[in-house]
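J.: Encoded as structure tokens, here's the structure I'll be asking about.
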Amino acid sequence: MILDYVTRIKANIAIHTKIKATSILDGSYKSVFMGRSLNFEDLREYIPGDSIRDIDWKASSRSRSLLVKRFVAEKKHNILIVFDTGAKMNAHTDKMELKKDVAIYSAGTLSYLAYSNGDFVGALYNTDGKIHYYPLRTRLYDIENFLSSYDKDVVKSQKSDLDKTLEYLLKNFRRKMVVFVVTDMAGIRSISDIVLKKLICQHDLLFININDANVTGGRSFKVENNRYLPEFITSSKKLAQMEKKMKDEILEENKKKLLHHAIISTDIDSKEDITLKITELLERHRYAQSH
């Protein structure tokens, strides 16, 4: 497989990195979760994606549940990228970039940093009720695989059910992970407080919000109807005021929800902003964990 997505993401990091920010970004990443994901247990429960060669059959027989041998390498961090899906991810940001592309570059940047640190990286998303899980791995090939697969699958998906995806995560993954949720304003709003409360008890949880384009003020594409909105709608000052009020209310609601659970988040609407925004996200999380 040609590492097309990974190559472009590495180039994007280089282009939009200023004054040794590459080393700063790597340093920020390495310092954020130091010691928090280390697990010194000898055995853990089997989860989908583990090799059957690692199962301890004698211990499993005694405990009546499948147990897997934990190796030294697994003391690295386990990074899981949870993508939102649905037709909305094929819409645009305010910078007129496809939301799915900004999501891919954001997730790819995080994944490349994790790879550079020797960490395990996986992905999870839901397309119209079908769960796609890419097990935690340490190779660039595997990162390329889930990025390219998401790019293809999200184009065909119609419905978003981020809450169900996170419920699946809760039910099927026991190991402690650093979970990055890549979604949008509607996605954050759709997640129940119960799910968030359970997630933060088990994992480190961070959010990346891909900003939506405004309906008014330019050419706006209605994904559901596969057409551009007429000019009398996009140029309406009254509609613009109503839209701004509605968006501000939802953003404030989302902000309060995440703050209530002490979850750090960032807003991104352009590939150009990703390096700086992710650096800030990691630094803010590191600061929150140290205080």
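Residues in the structure tokens are named by chain (A, B, ... in the order shown) and by number from 1 within that chain; ligands are numbered from 1 in the order shown.
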Which residues come within 8 Å of stretch 248-254 of chain A, counting only C-alpha atoms, excluding same-chain residues fewer than 4 positions away, as an MDAnalysis selection string?

T.: chainID A and resid 185 188:189 244 258

J.: Pull C-alpha atoms from the residues just selected and write them as a PDB file, in the first residue's frame.

T.:
ATOM      1  CA  MET A 185     -21.080  20.592  16.856  1.00  0.00           C
ATOM      2  CA  ILE A 188     -20.962  16.652  20.632  1.00  0.00           C
ATOM      3  CA  ARG A 189     -24.548  17.656  21.272  1.00  0.00           C
ATOM      4  CA  LYS A 244     -25.734  32.880  14.648  1.00  0.00           C
ATOM      5  CA  LEU A 258     -17.544  19.123  28.195  1.00  0.00           C
TER       6      LEU A 258
END

J.: Please indicate the distance in Å from atom CA of A:Leu281 to atom CA of A:Thr183, rounded to one decimal place.

T.: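 So the answer is 14.9 Å.
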
J.: Distance atom CA of A:Tyr150-atom CA of A:Asp94, one decimal place?

T.: 22.2 Å

J.: Could you pull out all residues of stretch 69-125 of chain A with a DSSP call of alpha helix (DSSP H) and give them as a PDB file with C-alpha atoms, in the first residue's frame?

T.:
ATOM      1  CA  LYS A  99     -15.166  18.450   7.080  1.00  0.00           C
ATOM      2  CA  LYS A 100     -14.144  14.852   6.440  1.00  0.00           C
ATOM      3  CA  ASP A 101     -10.794  16.023   5.032  1.00  0.00           C
ATOM      4  CA  VAL A 102     -10.099  18.188   8.072  1.00  0.00           C
ATOM      5  CA  ALA A 103     -11.109  15.236  10.271  1.00  0.00           C
ATOM      6  CA  ILE A 104      -8.717  12.906   8.404  1.00  0.00           C
ATOM      7  CA  TYR A 105      -5.797  15.338   8.621  1.00  0.00           C
ATOM      8  CA  SER A 106      -6.483  15.970  12.337  1.00  0.00           C
ATOM      9  CA  ALA A 107      -6.659  12.256  13.137  1.00  0.00           C
ATOM     10  CA  GLY A 108      -3.678  11.576  10.909  1.00  0.00           C
ATOM     11  CA  THR A 109      -1.563  14.180  12.684  1.00  0.00           C
ATOM     12  CA  LEU A 110      -2.336  12.638  16.071  1.00  0.00           C
ATOM     13  CA  SER A 111      -1.719   9.139  14.715  1.00  0.00           C
ATOM     14  CA  TYR A 112       1.624  10.106  13.217  1.00  0.00           C
ATOM     15  CA  LEU A 113       2.730  11.625  16.534  1.00  0.00           C
ATOM     16  CA  ALA A 114       1.689   8.445  18.328  1.00  0.00           C
ATOM     17  CA  TYR A 115       3.586   6.337  15.784  1.00  0.00           C
ATOM     18  CA  SER A 116       6.682   8.519  16.223  1.00  0.00           C
TER      19      SER A 116
END

J.: Let me make sure I understand: among A:Leu136, A:Leu206, A:Ala91, A:Met177, which one has the smallest atom-to-atom distance to A:Val155 if we use only C-alpha atoms?

T.: A:Ala91

J.: Can you pull out the residues contacting A:Lys95? Cut-off 10 Å, using only C-alpha atoms, and skip same-chain residues under 2 positions away; I want them as a count of residues only.

T.: 12

J.: Within 8 Å of A:Asp184, counting only C-alpha atoms, which residues show up once you throw out same-chain ones fewer than 2 positions away? Write them as a CSV table (one decimal) with N, CA and C atoms, in the first residue's frame, please.

T.:
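Wrote result17.csv, looks like this:
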chain,number,residue,atom,x,y,z
A,84,ASP,N,-16.6,10.6,13.8
A,84,ASP,CA,-18.0,10.8,13.5
A,84,ASP,C,-18.2,10.6,12.0
A,182,VAL,N,-13.2,12.7,17.1
A,182,VAL,CA,-13.2,13.7,16.0
A,182,VAL,C,-14.6,13.8,15.5
A,186,ALA,N,-22.9,19.1,16.1
A,186,ALA,CA,-24.0,18.3,16.3
A,186,ALA,C,-23.6,17.0,17.0
A,187,GLY,N,-22.4,16.5,16.6
A,187,GLY,CA,-22.0,15.2,17.2
A,187,GLY,C,-21.8,15.4,18.7
A,188,ILE,N,-21.1,16.4,19.2
A,188,ILE,CA,-21.0,16.7,20.6
A,188,ILE,C,-22.3,16.8,21.3
A,208,ILE,N,-12.1,16.8,19.3
A,208,ILE,CA,-11.7,17.7,18.2
A,208,ILE,C,-13.0,18.0,17.5
A,209,ASN,N,-13.4,19.3,17.6
A,209,ASN,CA,-14.7,19.8,16.9
A,209,ASN,C,-14.3,20.4,15.6
A,210,ILE,N,-14.9,19.8,14.5
A,210,ILE,CA,-14.7,20.3,13.2
A,210,ILE,C,-15.8,21.3,12.9
A,211,ASN,N,-15.4,22.6,12.8
A,211,ASN,CA,-16.4,23.7,12.7
A,211,ASN,C,-17.3,23.6,11.4
A,212,ASP,N,-18.5,23.9,11.5
A,212,ASP,CA,-19.5,24.0,10.4
A,212,ASP,C,-19.4,25.3,9.7

J.: Which residues are close to A:His260, i.e. within 12 Å by only C-alpha atoms, leaving aside same-chain residues fewer than 5 positions away? Reply as a list in words.

T.: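 The neighbour list is Asp193, Leu196, Lys197, Ile200, Glu253, Asn254 and Lys255 of chain A.
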
J.: If you measure from atom CA of A:Leu169 to atom CA of A:Asp54, what distance in Å do you get, rounded to one decimal?

T.: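 Interatomic distance, atom CA of A:Leu169 to atom CA of A:Asp54: 22.0 Å.
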